[in-house]
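Here is the structure we will look at, set down as structure tokens.
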Amino acid sequence: MVIEKCWYPNVIERLSQNIVLLCLALGCAQLGAMEPLEGLRAKLAGLDGVVADFTQVSSDAQGGVLEEASGQLWLSRPHFRWEVTSPYLQTIVADAVQVRIYDPDLEQVTEKELSDSVESTPLTLLTQPDLDLAAEYRVVSRDIGEASVQYILYPKSSESLFAAIEIMFEAEALYALAIRDHTGQQTVITFSQFRAQQVIQSERFELELPADVDIFRG
């Protein structure tokens, strides 16, 4: 059954928002010419053919844990797969045109075109890396270890959903991503078993669905 409206259960909204930072990190290689942006561009240049495990922790302003999840990421531009395996099952796949969010417990798929704005569809940052983000973010960097560096992106717009976005590398590997909103709530995604320049079969980005799944479009 196809339902022509956009309906996001809370669990889908949370996961979709929590991967904003990941999508930004993997999609913003065209940021600009300022020195921190060039450093970030150099780090991002090799982030294709990526396979990694992730853990995701959301906490409130006082540090209390709100939500934890874990799963695996695959990226072969413009294709993307984000698969949550614990504590619930959920799969997000995207290409240059569309993002699809599958929640097997709810027996539904949510489909959204990536032609919408960056704010409403963060995956646009991944699938359209030629977007000019330099006008929207101020980027600074700092060394956090012998071979580690952190990039912090501050939105220039007072209407942004986020107060700051952090991207952390250990050598050439993406180590962690963090999102902090205006209330002090933070989501940290930490990667392990990180591998880049892998050959990923196209079947990995296909979404196999039961015949009776509901499809929500918007």
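Chains: A, B, ... in order of the structure tokens. Residues: from 1 per chain. Ligands: from 1, in order shown.
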
request  = Go through range 93-203 of chain A and collect every residue that DSSP, computed from the backbone, puts in strand (DSSP E); the answer should be as a ChimeraX atom specification.
outcome  = /A:93-94,98-103,108-113,137-143,148-155,164-170,173-180,186-195

Prev. selection, N, CA and C atoms, output as a compact mmCIF listing (two decimals), in the first residue's frame:
```
# COMPACT_ATOMS: atom_id res chain seq x y z
N VAL A 93 18.85 3.98 3.31
CA VAL A 93 19.65 3.93 2.09
C VAL A 93 19.37 5.19 1.29
N ALA A 94 20.38 5.66 0.59
CA ALA A 94 20.23 6.88 -0.20
C ALA A 94 21.10 6.80 -1.44
N GLN A 98 17.19 10.02 -3.95
CA GLN A 98 16.17 9.67 -2.96
C GLN A 98 16.80 9.05 -1.72
N VAL A 99 16.15 9.25 -0.58
CA VAL A 99 16.49 8.56 0.66
C VAL A 99 15.29 7.71 1.06
N ARG A 100 15.57 6.49 1.51
CA ARG A 100 14.52 5.57 1.94
C ARG A 100 14.85 5.08 3.34
N ILE A 101 13.88 5.16 4.24
CA ILE A 101 14.07 4.76 5.63
C ILE A 101 13.12 3.60 5.91
N TYR A 102 13.69 2.45 6.22
CA TYR A 102 12.90 1.24 6.43
C TYR A 102 12.92 0.84 7.89
N ASP A 103 11.74 0.75 8.48
CA ASP A 103 11.59 0.32 9.86
C ASP A 103 10.79 -0.98 9.86
N GLN A 108 7.09 -0.48 7.57
CA GLN A 108 6.89 0.68 6.71
C GLN A 108 8.22 1.20 6.17
N VAL A 109 8.10 1.89 5.05
CA VAL A 109 9.22 2.60 4.43
C VAL A 109 8.80 4.05 4.24
N THR A 110 9.69 4.96 4.59
CA THR A 110 9.47 6.37 4.32
C THR A 110 10.42 6.79 3.20
N GLU A 111 9.88 7.37 2.15
CA GLU A 111 10.68 7.80 1.01
C GLU A 111 10.65 9.33 0.90
N LYS A 112 11.80 9.91 0.61
CA LYS A 112 11.87 11.37 0.47
C LYS A 112 12.84 11.71 -0.65
N GLU A 113 12.43 12.64 -1.49
CA GLU A 113 13.30 13.09 -2.56
C GLU A 113 14.40 13.98 -2.02
N TYR A 137 28.64 27.82 7.09
CA TYR A 137 29.35 27.35 8.27
C TYR A 137 30.69 28.06 8.42
N ARG A 138 31.01 28.37 9.67
CA ARG A 138 32.37 28.81 10.01
C ARG A 138 33.10 27.58 10.56
N VAL A 139 34.26 27.28 10.00
CA VAL A 139 34.98 26.05 10.35
C VAL A 139 36.30 26.39 11.00
N VAL A 140 36.56 25.76 12.13
CA VAL A 140 37.85 25.89 12.81
C VAL A 140 38.39 24.49 13.05
N SER A 141 39.66 24.39 13.31
CA SER A 141 40.27 23.09 13.57
C SER A 141 41.25 23.19 14.73
N ARG A 142 41.50 22.06 15.37
CA ARG A 142 42.51 22.01 16.43
C ARG A 142 43.06 20.60 16.53
N ASP A 143 44.34 20.52 16.82
CA ASP A 143 44.97 19.22 17.04
C ASP A 143 44.57 18.70 18.40
N SER A 148 45.86 13.21 15.59
CA SER A 148 44.41 13.40 15.62
C SER A 148 44.07 14.88 15.44
N VAL A 149 42.99 15.13 14.75
CA VAL A 149 42.56 16.51 14.51
C VAL A 149 41.04 16.58 14.60
N GLN A 150 40.56 17.71 15.07
CA GLN A 150 39.13 17.94 15.22
C GLN A 150 38.75 19.17 14.41
N TYR A 151 37.68 19.04 13.63
CA TYR A 151 37.12 20.18 12.90
C TYR A 151 35.77 20.50 13.52
N ILE A 152 35.54 21.79 13.79
CA ILE A 152 34.29 22.22 14.39
C ILE A 152 33.60 23.17 13.42
N LEU A 153 32.36 22.88 13.11
CA LEU A 153 31.58 23.67 12.17
C LEU A 153 30.48 24.40 12.93
N TYR A 154 30.50 25.72 12.85
CA TYR A 154 29.51 26.55 13.52
C TYR A 154 28.57 27.13 12.47
N PRO A 155 27.29 26.81 12.53
CA PRO A 155 26.35 27.39 11.57
C PRO A 155 26.29 28.91 11.70
N ALA A 164 26.62 23.33 17.00
CA ALA A 164 27.96 23.00 16.52
C ALA A 164 27.99 21.56 16.04
N ILE A 165 28.86 21.30 15.08
CA ILE A 165 29.09 19.97 14.53
C ILE A 165 30.58 19.71 14.57
N GLU A 166 30.98 18.58 15.14
CA GLU A 166 32.39 18.25 15.26
C GLU A 166 32.71 17.00 14.46
N ILE A 167 33.85 17.05 13.78
CA ILE A 167 34.33 15.93 12.97
C ILE A 167 35.74 15.60 13.42
N MET A 168 35.98 14.38 13.85
CA MET A 168 37.27 14.00 14.41
C MET A 168 37.91 12.88 13.61
N PHE A 169 39.20 13.05 13.35
CA PHE A 169 39.98 12.05 12.62
C PHE A 169 41.15 11.57 13.47
N GLU A 170 41.49 10.31 13.32
CA GLU A 170 42.74 9.77 13.81
C GLU A 170 43.53 9.36 12.58
N ALA A 173 41.72 8.22 9.27
CA ALA A 173 40.46 7.53 9.52
C ALA A 173 39.48 8.43 10.26
N LEU A 174 38.23 8.40 9.83
CA LEU A 174 37.17 9.10 10.53
C LEU A 174 36.93 8.37 11.85
N TYR A 175 37.10 9.10 12.96
CA TYR A 175 37.01 8.47 14.28
C TYR A 175 35.67 8.74 14.95
N ALA A 176 35.21 9.98 14.94
CA ALA A 176 33.97 10.29 15.65
C ALA A 176 33.32 11.53 15.06
N LEU A 177 32.03 11.61 15.22
CA LEU A 177 31.23 12.76 14.83
C LEU A 177 30.35 13.13 16.00
N ALA A 178 30.15 14.43 16.21
CA ALA A 178 29.32 14.87 17.32
C ALA A 178 28.42 16.02 16.87
N ILE A 179 27.19 15.99 17.34
CA ILE A 179 26.22 17.04 17.07
C ILE A 179 25.80 17.62 18.41
N ARG A 180 25.82 18.93 18.55
CA ARG A 180 25.32 19.59 19.75
C ARG A 180 24.24 20.58 19.35
N GLN A 186 23.38 16.36 23.01
CA GLN A 186 24.48 16.00 22.12
C GLN A 186 24.34 14.55 21.67
N THR A 187 24.69 14.31 20.42
CA THR A 187 24.78 12.96 19.87
C THR A 187 26.20 12.72 19.39
N VAL A 188 26.81 11.66 19.87
CA VAL A 188 28.17 11.30 19.48
C VAL A 188 28.14 9.96 18.77
N ILE A 189 28.72 9.93 17.58
CA ILE A 189 28.83 8.70 16.80
C ILE A 189 30.31 8.35 16.72
N THR A 190 30.66 7.18 17.23
CA THR A 190 32.05 6.72 17.24
C THR A 190 32.19 5.53 16.30
N PHE A 191 33.23 5.55 15.48
CA PHE A 191 33.43 4.51 14.48
C PHE A 191 34.55 3.56 14.89
N SER A 192 34.40 2.31 14.50
CA SER A 192 35.44 1.30 14.71
C SER A 192 35.50 0.42 13.47
N GLN A 193 36.56 -0.35 13.36
CA GLN A 193 36.75 -1.20 12.18
C GLN A 193 36.61 -0.38 10.90
N PHE A 194 37.15 0.83 10.94
CA PHE A 194 36.99 1.76 9.81
C PHE A 194 37.91 1.36 8.66
N ARG A 195 37.31 1.22 7.47
CA ARG A 195 38.07 0.91 6.26
C ARG A 195 37.57 1.78 5.13
```

task = Record the distance separating CA of Glu68 in chain A and CA of Tyr88 in chain A, expressed in Å with one decimal.
result = 10.2 Å

request  = Would you please give, as a ChimeraX atom specification, all residues of range 35-139 of chain A that DSSP assigns to helix (DSSP H, G or I) based on the backbone?
outcome  = /A:35-44,124-127

remark   = Using only C-alpha atoms, the best pick from A:Phe80, A:Phe54, A:Phe162, A:Trp74 as closest to Ala96 in chain A would be A:Phe80

message = Calculated over only C-alpha atoms, which of the candidates A:Ser86, A:Gln185, A:Ser158, A:Thr91 has the smallest distance to Leu66 in chain A?
response = A:Gln185
